[in-house]
Amino acid sequence: MDTTLYSADGLLELAPEGKGDRPGVKKALIGHGARVVMMRFAAGQVLAEHTAAFPILVQCLEGEIEFVAGDQSVRLTRGVVANLDARVPHEVRGVTDAIFQLVMLDPAAAPPASV
């Protein structure tokens, strides 16, 4: 059992600016059973419908995004979190400039081996 506590600092600063019509994406942490990815959207940017191989948690840290799965939609603002099962088609829309954290609940995820 690995008893090491893993952390990531400066998450808001990790989220890069997007390029063109694509949001900025940056891996922040690979830990025990989870992968954390930071995303930055400009108002109006859309991440077209796609699926994730694992269940996900999406939490807005700044601004506002719309998270859409089928005919369901939720507006995520600071401090609001949403959860979606694996392989469910979904789309993300930047309502305002926004930063959010995506956590993929990957049971096989593991921190890199120590050097």
# chains A, B, ... in the order shown; residues from 1 in each chain; ligands from 1

call {"tool": "select_by_dssp", "arguments": {"residues": "chain A", "states": "alpha helix (DSSP H)", "output": "PyMOL selection string"}}
result
chain A and resi 11-14

call {"tool": "write_last_selection", "arguments": {"atoms": "N, CA and C atoms", "output": "PDB file, in the first residue's frame"}}
result
ATOM      1  N   LEU A  11      -4.052  25.212  -9.009  1.00  0.00           N
ATOM      2  CA  LEU A  11      -4.884  24.652 -10.069  1.00  0.00           C
ATOM      3  C   LEU A  11      -5.430  25.715 -11.024  1.00  0.00           C
ATOM      4  N   LEU A  12      -5.842  26.861 -10.502  1.00  0.00           N
ATOM      5  CA  LEU A  12      -6.389  27.897 -11.376  1.00  0.00           C
ATOM      6  C   LEU A  12      -5.352  28.387 -12.374  1.00  0.00           C
ATOM      7  N   GLU A  13      -4.105  28.470 -11.932  1.00  0.00           N
ATOM      8  CA  GLU A  13      -3.038  28.926 -12.812  1.00  0.00           C
ATOM      9  C   GLU A  13      -2.620  27.842 -13.804  1.00  0.00           C
ATOM     10  N   LEU A  14      -2.882  26.580 -13.482  1.00  0.00           N
ATOM     11  CA  LEU A  14      -2.527  25.480 -14.385  1.00  0.00           C
ATOM     12  C   LEU A  14      -3.386  25.453 -15.636  1.00  0.00           C
TER      13      LEU A  14
END

call {"tool": "residues_around", "arguments": {"residues": "A:Asp97", "least_positions_apart": "5", "cutoff": "6 Å", "atoms": "only C-alpha atoms", "output": "PyMOL selection string"}}
result
chain A and resi 41-43+63

call {"tool": "write_last_selection", "arguments": {"atoms": "all heavy atoms", "output": "compact mmCIF listing (two decimals), in the first residue's frame"}}
result
# COMPACT_ATOMS: atom_id res chain seq x y z
N PHE A 41 -12.26 27.67 -20.36
CA PHE A 41 -13.13 27.99 -21.49
C PHE A 41 -13.27 29.50 -21.60
O PHE A 41 -13.35 30.19 -20.59
CB PHE A 41 -14.54 27.42 -21.26
CG PHE A 41 -14.71 26.00 -21.69
CD1 PHE A 41 -14.07 24.99 -21.03
CD2 PHE A 41 -15.53 25.69 -22.75
CE1 PHE A 41 -14.23 23.67 -21.40
CE2 PHE A 41 -15.70 24.37 -23.15
CZ PHE A 41 -15.06 23.36 -22.48
N ALA A 42 -13.31 29.98 -22.82
CA ALA A 42 -13.72 31.36 -23.08
C ALA A 42 -15.23 31.32 -23.30
O ALA A 42 -15.79 30.29 -23.70
CB ALA A 42 -13.02 31.90 -24.32
N ALA A 43 -15.89 32.42 -23.03
CA ALA A 43 -17.33 32.50 -23.26
C ALA A 43 -17.62 32.09 -24.70
O ALA A 43 -16.93 32.53 -25.63
CB ALA A 43 -17.83 33.92 -23.01
N GLY A 63 -16.28 31.36 -13.03
CA GLY A 63 -17.14 31.57 -14.19
C GLY A 63 -18.34 30.65 -14.20
O GLY A 63 -18.80 30.18 -13.17

call {"tool": "select_by_dssp", "arguments": {"residues": "stretch 3-88 of chain A", "states": "strand (DSSP E or B)", "output": "VMD selection string"}}
result
chain A and resid 19 22 24 to 31 34 to 41 46 to 50 56 to 62 64 to 69 72 to 77 81 to 84

call {"tool": "write_last_selection", "arguments": {"atoms": "C-alpha atoms", "output": "compact mmCIF listing (two decimals), in the first residue's frame"}}
result
# COMPACT_ATOMS: atom_id res chain seq x y z
CA LYS A 19 -6.29 28.15 -28.79
CA ARG A 22 -10.65 25.05 -28.43
CA GLY A 24 -7.32 25.03 -22.74
CA VAL A 25 -6.61 21.64 -21.15
CA LYS A 26 -3.84 20.60 -18.74
CA LYS A 27 -3.33 17.45 -16.67
CA ALA A 28 -2.88 18.46 -13.05
CA LEU A 29 -2.53 15.23 -11.10
CA ILE A 30 -2.62 11.47 -11.47
CA GLY A 31 -3.35 9.93 -8.10
CA ALA A 34 -8.23 9.50 -10.12
CA ARG A 35 -6.95 11.75 -12.88
CA VAL A 36 -7.41 15.51 -12.43
CA VAL A 37 -7.54 17.75 -15.51
CA MET A 38 -7.92 21.54 -15.49
CA MET A 39 -9.89 23.20 -18.29
CA ARG A 40 -10.29 26.85 -19.24
CA PHE A 41 -13.13 27.99 -21.49
CA VAL A 46 -17.93 24.45 -26.85
CA LEU A 47 -16.42 21.04 -26.28
CA ALA A 48 -18.60 19.02 -28.68
CA GLU A 49 -20.39 15.88 -27.59
CA HIS A 50 -18.03 13.13 -26.48
CA ILE A 56 -16.38 11.81 -14.02
CA LEU A 57 -16.83 14.68 -11.59
CA VAL A 58 -16.88 18.21 -13.01
CA GLN A 59 -16.53 21.17 -10.65
CA CYS A 60 -16.61 24.80 -11.72
CA LEU A 61 -13.98 26.95 -9.98
CA GLU A 62 -14.52 30.27 -11.79
CA GLU A 64 -20.01 29.53 -15.58
CA ILE A 65 -20.29 26.51 -17.85
CA GLU A 66 -23.23 24.53 -19.11
CA PHE A 67 -22.85 20.77 -18.81
CA VAL A 68 -25.22 18.85 -21.10
CA ALA A 69 -25.98 15.12 -21.18
CA GLN A 72 -30.41 17.13 -19.23
CA SER A 73 -28.49 20.32 -18.62
CA VAL A 74 -26.97 21.94 -15.55
CA ARG A 75 -25.32 25.34 -15.16
CA LEU A 76 -22.13 25.01 -13.17
CA THR A 77 -20.92 28.06 -11.29
CA VAL A 81 -20.22 19.91 -8.99
CA ALA A 82 -21.77 17.39 -11.40
CA ASN A 83 -21.23 13.65 -11.75
CA LEU A 84 -21.72 11.49 -14.83

call {"tool": "closest_residue", "arguments": {"among": "A:Pro16, A:Asp2, A:His32, A:Phe54", "to": "A:Ala110", "atoms": "only C-alpha atoms"}}
result
A:His32

call {"tool": "atom_distance", "arguments": {"atom1": "atom CA of A:Pro89", "atom2": "atom CA of A:Ala52"}}
result
7.9 Å
